[in-house]
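**Student:** Pasting a structure here, questions to come.
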Amino acid sequence: MTDDGSECWDESATAVTGCERCPALVESRSRMVNGVGPTDADLLFVGEAPGANEDEQGEPFVGRSGDVLDEGLRDVGLARQDVRITNCVRCRPPENRDPTTDERANCRGYLDREIAAVDPELVITLGKVPAELLLDRSVAVTSEAGDIDDLTVDESTWQVLLCVHPAATLYDPSQQDAFDAALQTAVEYAGDGGQSTFGEF
Ligand code: URA
């Protein structure tokens, strides 16, 4: 295995296969779950890790959190197919536990490479795990939701919008406004009301 895991990438540098860096995740996963959506998307959403539904279907955010995300996107005039959606970690952790620090670090190169390949107008972190991983600092997601910070990878800089995790709106409905507001900010940031810049996809 090379340092950047390059032998696990497909040619487009947007999908990884056969990675065996994390023994516990190799054990618990049915498959690796790569990002989906246009490889030239203006908006790139980054979640935490696949859950049971994602592991089964091989696609990020297809369970209840995915329903919340899809609905939020619809409310701002976007379809799921208009944006790219990926995770910090590409394999389902056992019992849906949080990915460990080592697992996040092992998968970080894949995420960085996906961000560079897609080169989005805006990266949107869904919840604490991706926000803290990408910004390399502690993040209070509820109070910082809607804030934009810089992410620098290999001398390139992207803007990161902090957003609460869609699941947070399910167990704490008071988070819904922050979630909706962040998506509205994302769509305005990326282009004219979210419609015109997405026509090419
Ligand atoms: N599904 C995902 O793909 N990621 C999450 O963070 C939660 C659910």
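Scheme for the structure tokens: letters A, B, ... for chains in order shown; per-chain residue numbers from 1; ligand numbers from 1 in order shown.
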Could you give me the residues within 12 Å of ligand 1, counting only C-alpha atoms and all ligand atoms, as number ranges by chain?
**Tutor:** A: 32-36, 45-69, 84-93, 96-99, 125-131, 163-168
**Student:** Neighbouring residues of Asp112 of chain A were defined as those with any atom within 10 Å, considering only C-alpha atoms; residues of the same chain fewer than 2 positions away were excluded. Please report them as a list in words.
**Tutor:**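 That gives Cys88, Cys107, Arg108, Gly109, Tyr110, Glu114, Ile115, Ala116, Ala117, Leu134, Thr152, Val153 and Asp154 of chain A.
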**Student:** Export C-alpha atoms of the chosen residues as a short mmCIF file (atom, residue, chain, number, x, y, z; two decimals), in the first residue's frame?
**Tutor:**
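Okay, this is what ended up in again39.cif:
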```
data_model
loop_
_atom_site.label_atom_id
_atom_site.label_comp_id
_atom_site.auth_asym_id
_atom_site.auth_seq_id
_atom_site.Cartn_x
_atom_site.Cartn_y
_atom_site.Cartn_z
CA CYS A 88 -15.12 11.20 5.91
CA CYS A 107 -9.43 7.77 5.00
CA ARG A 108 -8.44 11.46 4.98
CA GLY A 109 -6.26 11.18 1.87
CA TYR A 110 -9.17 9.77 -0.09
CA GLU A 114 -12.00 13.71 -3.92
CA ILE A 115 -12.24 17.37 -2.93
CA ALA A 116 -9.38 18.24 -5.27
CA ALA A 117 -10.89 16.20 -8.14
CA LEU A 134 -11.39 19.13 7.67
CA THR A 152 -6.30 24.25 2.62
CA VAL A 153 -5.07 21.02 1.07
CA ASP A 154 -1.72 20.92 -0.72
#
```
**Student:** Pick the closest to Val141 of chain A from A:Ala178, A:Asp172, A:Leu111, A:Ala15: which is it, counting only C-alpha atoms?
**Tutor:**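 For Val141 of chain A, the nearest of the given residues is A:Ala178.
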**Student:** Just want the 12 Å neighbourhood of Asp180 of chain A, counted on only C-alpha atoms, with same-chain residues fewer than 4 positions away dropped. Output as a ChimeraX atom specification.
**Tutor:** /A:68-76,145-146,163-166,169,173-176,184-187
**Student:** Go ahead and write the selection's residues with N, CA, C and O atoms as a tab-separated table (two decimals), in the first residue's frame.
**Tutor:**
```
chain	number	residue	atom	x	y	z
A	68	VAL	N	-33.80	13.40	5.00
A	68	VAL	CA	-33.76	14.79	5.48
A	68	VAL	C	-32.92	15.64	4.52
A	68	VAL	O	-33.30	16.76	4.16
A	69	LEU	N	-31.79	15.10	4.12
A	69	LEU	CA	-30.92	15.85	3.20
A	69	LEU	C	-31.63	16.09	1.87
A	69	LEU	O	-31.64	17.22	1.35
A	70	ASP	N	-32.25	15.05	1.33
A	70	ASP	CA	-32.96	15.19	0.04
A	70	ASP	C	-34.05	16.26	0.14
A	70	ASP	O	-34.23	17.08	-0.76
A	71	GLU	N	-34.79	16.22	1.25
A	71	GLU	CA	-35.88	17.19	1.42
A	71	GLU	C	-35.33	18.61	1.54
A	71	GLU	O	-35.87	19.55	0.95
A	72	GLY	N	-34.25	18.74	2.30
A	72	GLY	CA	-33.62	20.07	2.44
A	72	GLY	C	-33.14	20.59	1.10
A	72	GLY	O	-33.29	21.79	0.79
A	73	LEU	N	-32.57	19.71	0.30
A	73	LEU	CA	-32.11	20.12	-1.03
A	73	LEU	C	-33.29	20.55	-1.90
A	73	LEU	O	-33.25	21.59	-2.57
A	74	ARG	N	-34.34	19.75	-1.85
A	74	ARG	CA	-35.54	20.10	-2.65
A	74	ARG	C	-36.08	21.47	-2.27
A	74	ARG	O	-36.45	22.26	-3.12
A	75	ASP	N	-36.06	21.75	-0.96
A	75	ASP	CA	-36.59	23.03	-0.48
A	75	ASP	C	-35.81	24.23	-1.00
A	75	ASP	O	-36.32	25.35	-1.02
A	76	VAL	N	-34.55	24.01	-1.38
A	76	VAL	CA	-33.78	25.13	-1.93
A	76	VAL	C	-33.61	24.99	-3.45
A	76	VAL	O	-32.75	25.62	-4.06
A	145	ALA	N	-23.03	26.72	13.00
A	145	ALA	CA	-23.75	26.37	11.77
A	145	ALA	C	-23.99	27.62	10.94
A	145	ALA	O	-24.42	28.65	11.46
A	146	GLY	N	-23.67	27.54	9.67
A	146	GLY	CA	-23.83	28.68	8.76
A	146	GLY	C	-22.55	29.46	8.57
A	146	GLY	O	-22.44	30.26	7.64
A	163	CYS	N	-22.49	22.90	8.74
A	163	CYS	CA	-23.94	22.62	8.79
A	163	CYS	C	-24.18	21.53	9.82
A	163	CYS	O	-23.33	20.66	10.02
A	164	VAL	N	-25.32	21.57	10.48
A	164	VAL	CA	-25.66	20.49	11.42
A	164	VAL	C	-25.92	19.21	10.62
A	164	VAL	O	-26.25	19.26	9.44
A	165	HIS	N	-25.76	18.07	11.27
A	165	HIS	CA	-26.01	16.79	10.60
A	165	HIS	C	-27.52	16.63	10.39
A	165	HIS	O	-28.30	16.98	11.28
A	166	PRO	N	-27.93	16.10	9.24
A	166	PRO	CA	-29.37	15.91	9.02
A	166	PRO	C	-30.03	15.10	10.14
A	166	PRO	O	-31.18	15.38	10.51
A	169	THR	N	-31.62	16.91	13.12
A	169	THR	CA	-32.96	17.50	13.01
A	169	THR	C	-34.04	16.50	13.40
A	169	THR	O	-35.16	16.88	13.72
A	173	PRO	N	-35.70	18.68	16.79
A	173	PRO	CA	-36.33	19.48	15.72
A	173	PRO	C	-35.94	20.95	15.75
A	173	PRO	O	-36.05	21.64	14.73
A	174	SER	N	-35.44	21.43	16.90
A	174	SER	CA	-35.04	22.84	16.94
A	174	SER	C	-33.81	23.10	16.04
A	174	SER	O	-33.45	24.24	15.78
A	175	GLN	N	-33.16	22.03	15.58
A	175	GLN	CA	-31.99	22.18	14.70
A	175	GLN	C	-32.40	22.38	13.23
A	175	GLN	O	-31.56	22.66	12.38
A	176	GLN	N	-33.69	22.18	12.96
A	176	GLN	CA	-34.14	22.22	11.56
A	176	GLN	C	-33.87	23.58	10.91
A	176	GLN	O	-33.43	23.66	9.75
A	184	GLN	N	-29.68	27.00	2.44
A	184	GLN	CA	-29.99	28.23	1.70
A	184	GLN	C	-28.71	29.03	1.44
A	184	GLN	O	-28.49	29.51	0.32
A	185	THR	N	-27.87	29.12	2.46
A	185	THR	CA	-26.58	29.80	2.27
A	185	THR	C	-25.77	29.11	1.18
A	185	THR	O	-25.16	29.75	0.32
A	186	ALA	N	-25.77	27.78	1.21
A	186	ALA	CA	-24.97	27.01	0.24
A	186	ALA	C	-25.42	27.32	-1.18
A	186	ALA	O	-24.62	27.57	-2.07
A	187	VAL	N	-26.72	27.30	-1.38
A	187	VAL	CA	-27.24	27.48	-2.73
A	187	VAL	C	-26.99	28.91	-3.22
A	187	VAL	O	-26.65	29.13	-4.38
```
**Student:** When DSSP is applied to the backbone of this structure, which of segment 23-200 of chain A are assigned helix (DSSP H, G or I)? Write them out as a short mmCIF file (atom, residue, chain, number, x, y, z; two decimals) with C-alpha atoms, in the first residue's frame.
**Tutor:**
```cif
data_model
loop_
_atom_site.label_atom_id
_atom_site.label_comp_id
_atom_site.auth_asym_id
_atom_site.auth_seq_id
_atom_site.Cartn_x
_atom_site.Cartn_y
_atom_site.Cartn_z
CA PRO A 23 -8.98 -3.94 10.03
CA ALA A 24 -12.14 -3.35 12.10
CA LEU A 25 -13.87 -1.64 9.18
CA VAL A 26 -12.81 -4.25 6.65
CA GLU A 27 -14.45 -6.73 9.04
CA SER A 28 -17.68 -4.73 9.52
CA ALA A 52 -26.47 0.19 7.69
CA ASN A 53 -28.54 1.43 4.74
CA GLU A 54 -25.54 2.98 3.04
CA ASP A 55 -23.49 -0.17 3.57
CA GLU A 56 -26.27 -2.22 2.03
CA GLN A 57 -26.92 0.03 -0.97
CA ARG A 64 -33.43 8.55 7.26
CA SER A 65 -30.65 11.14 7.29
CA GLY A 66 -30.64 10.93 3.51
CA ASP A 67 -34.36 11.64 3.41
CA VAL A 68 -33.76 14.79 5.48
CA LEU A 69 -30.92 15.85 3.20
CA ASP A 70 -32.96 15.19 0.04
CA GLU A 71 -35.88 17.19 1.42
CA GLY A 72 -33.62 20.07 2.44
CA LEU A 73 -32.11 20.12 -1.03
CA ARG A 74 -35.54 20.10 -2.65
CA ASP A 75 -36.59 23.03 -0.48
CA ARG A 80 -29.79 15.08 -4.97
CA GLN A 81 -28.31 14.49 -8.43
CA ASP A 82 -27.20 18.14 -8.61
CA PRO A 94 -19.28 -1.67 13.66
CA GLU A 95 -22.50 -0.93 15.57
CA ASN A 96 -22.50 2.49 13.88
CA THR A 101 -9.09 8.96 15.02
CA ASP A 102 -6.95 6.42 13.17
CA GLU A 103 -9.80 5.47 10.84
CA ARG A 104 -10.48 9.12 10.04
CA ALA A 105 -6.79 9.66 9.37
CA ASN A 106 -6.56 6.54 7.19
CA CYS A 107 -9.43 7.77 5.00
CA ARG A 108 -8.44 11.46 4.98
CA GLY A 109 -6.26 11.18 1.87
CA TYR A 110 -9.17 9.77 -0.09
CA LEU A 111 -11.40 12.66 0.95
CA ASP A 112 -8.74 15.24 0.14
CA ARG A 113 -8.26 13.72 -3.26
CA GLU A 114 -12.00 13.71 -3.92
CA ILE A 115 -12.24 17.37 -2.93
CA ALA A 116 -9.38 18.24 -5.27
CA ALA A 117 -10.89 16.20 -8.14
CA VAL A 118 -14.37 17.73 -7.78
CA LYS A 128 -19.13 17.62 13.91
CA VAL A 129 -16.96 14.80 12.60
CA PRO A 130 -16.34 16.17 9.08
CA ALA A 131 -16.11 19.75 10.35
CA GLU A 132 -13.42 18.89 12.89
CA LEU A 133 -11.59 16.60 10.50
CA LEU A 134 -11.39 19.13 7.67
CA LEU A 135 -10.78 22.23 9.77
CA VAL A 141 -21.63 22.80 15.27
CA THR A 142 -24.86 24.22 16.67
CA SER A 143 -23.41 27.66 17.34
CA GLU A 144 -21.17 27.70 14.27
CA PRO A 166 -29.37 15.91 9.02
CA ALA A 167 -29.92 13.30 11.76
CA ALA A 168 -29.72 16.07 14.37
CA THR A 169 -32.96 17.50 13.01
CA LEU A 170 -34.67 14.16 13.70
CA TYR A 171 -33.79 13.94 17.39
CA PRO A 173 -36.33 19.48 15.72
CA SER A 174 -35.04 22.84 16.94
CA GLN A 175 -31.99 22.18 14.70
CA GLN A 176 -34.14 22.22 11.56
CA ASP A 177 -33.92 26.00 11.09
CA ALA A 178 -30.13 25.94 11.27
CA PHE A 179 -30.03 23.06 8.80
CA ASP A 180 -32.38 24.80 6.35
CA ALA A 181 -30.54 28.11 6.68
CA ALA A 182 -27.19 26.47 5.93
CA LEU A 183 -28.59 24.87 2.77
CA GLN A 184 -29.99 28.23 1.70
CA THR A 185 -26.58 29.80 2.27
CA ALA A 186 -24.97 27.01 0.24
CA VAL A 187 -27.24 27.48 -2.73
CA GLU A 188 -26.84 31.25 -2.70
CA TYR A 189 -23.11 30.95 -2.35
CA ALA A 190 -22.77 28.55 -5.26
CA ASP A 192 -27.91 32.46 -8.64
CA GLY A 193 -30.68 30.99 -6.48
CA GLY A 194 -29.39 27.48 -7.03
CA SER A 196 -28.70 28.61 -13.12
CA THR A 197 -25.35 27.13 -12.12
CA PHE A 198 -26.79 23.64 -11.90
#
```
**Student:** Just checking: using only C-alpha atoms, which residue out of A:Ser30, A:Ser156, A:Thr100, A:Thr39 ends up closest to Thr14 of chain A?
**Tutor:**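 Smallest distance to Thr14 of chain A is found for A:Thr39.
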**Student:** To one decimal in Å, tell me the separation between atom CA of Gln159 of chain A and atom CA of Pro38 of chain A.
**Tutor:**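 Between these atoms lies a distance of 18.5 Å.
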**Student:** Hey, what does DSSP flag as strand (DSSP E or B) within segment 18-118 of chain A? Can you give it to me as a list in words?
**Tutor:**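 Taking segment 18-118 of chain A and keeping strand (DSSP E or B) only, one gets Val36, Leu43, Leu44, Phe45, Val46, Gly47, Arg84, Ile85, Thr86 and Asn87 of chain A.
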**Student:** Kindly save the residues from that selection, with C-alpha atoms included, as a CSV table (one decimal), in the first residue's frame.
**Tutor:**
```csv
chain,number,residue,atom,x,y,z
A,36,VAL,CA,-22.0,10.0,-5.5
A,43,LEU,CA,-21.5,21.7,-3.9
A,44,LEU,CA,-19.8,18.9,-2.1
A,45,PHE,CA,-21.5,17.6,1.1
A,46,VAL,CA,-19.3,15.6,3.5
A,47,GLY,CA,-20.9,13.4,6.1
A,84,ARG,CA,-21.9,15.5,-4.7
A,85,ILE,CA,-22.3,13.6,-1.5
A,86,THR,CA,-19.5,11.8,0.3
A,87,ASN,CA,-18.3,10.8,3.8
```
**Student:** Grab the atom CA of Thr17 of chain A to atom CA of Arg29 of chain A distance for me, in Å with one decimal place.
**Tutor:** 12.3 Å
**Student:** Just to confirm, what's the straight-line distance from atom CA of Ala79 of chain A to atom CA of Asp119 of chain A in Å (one decimal)?
**Tutor:**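 Computing it gives 19.5 Å between the two atoms.
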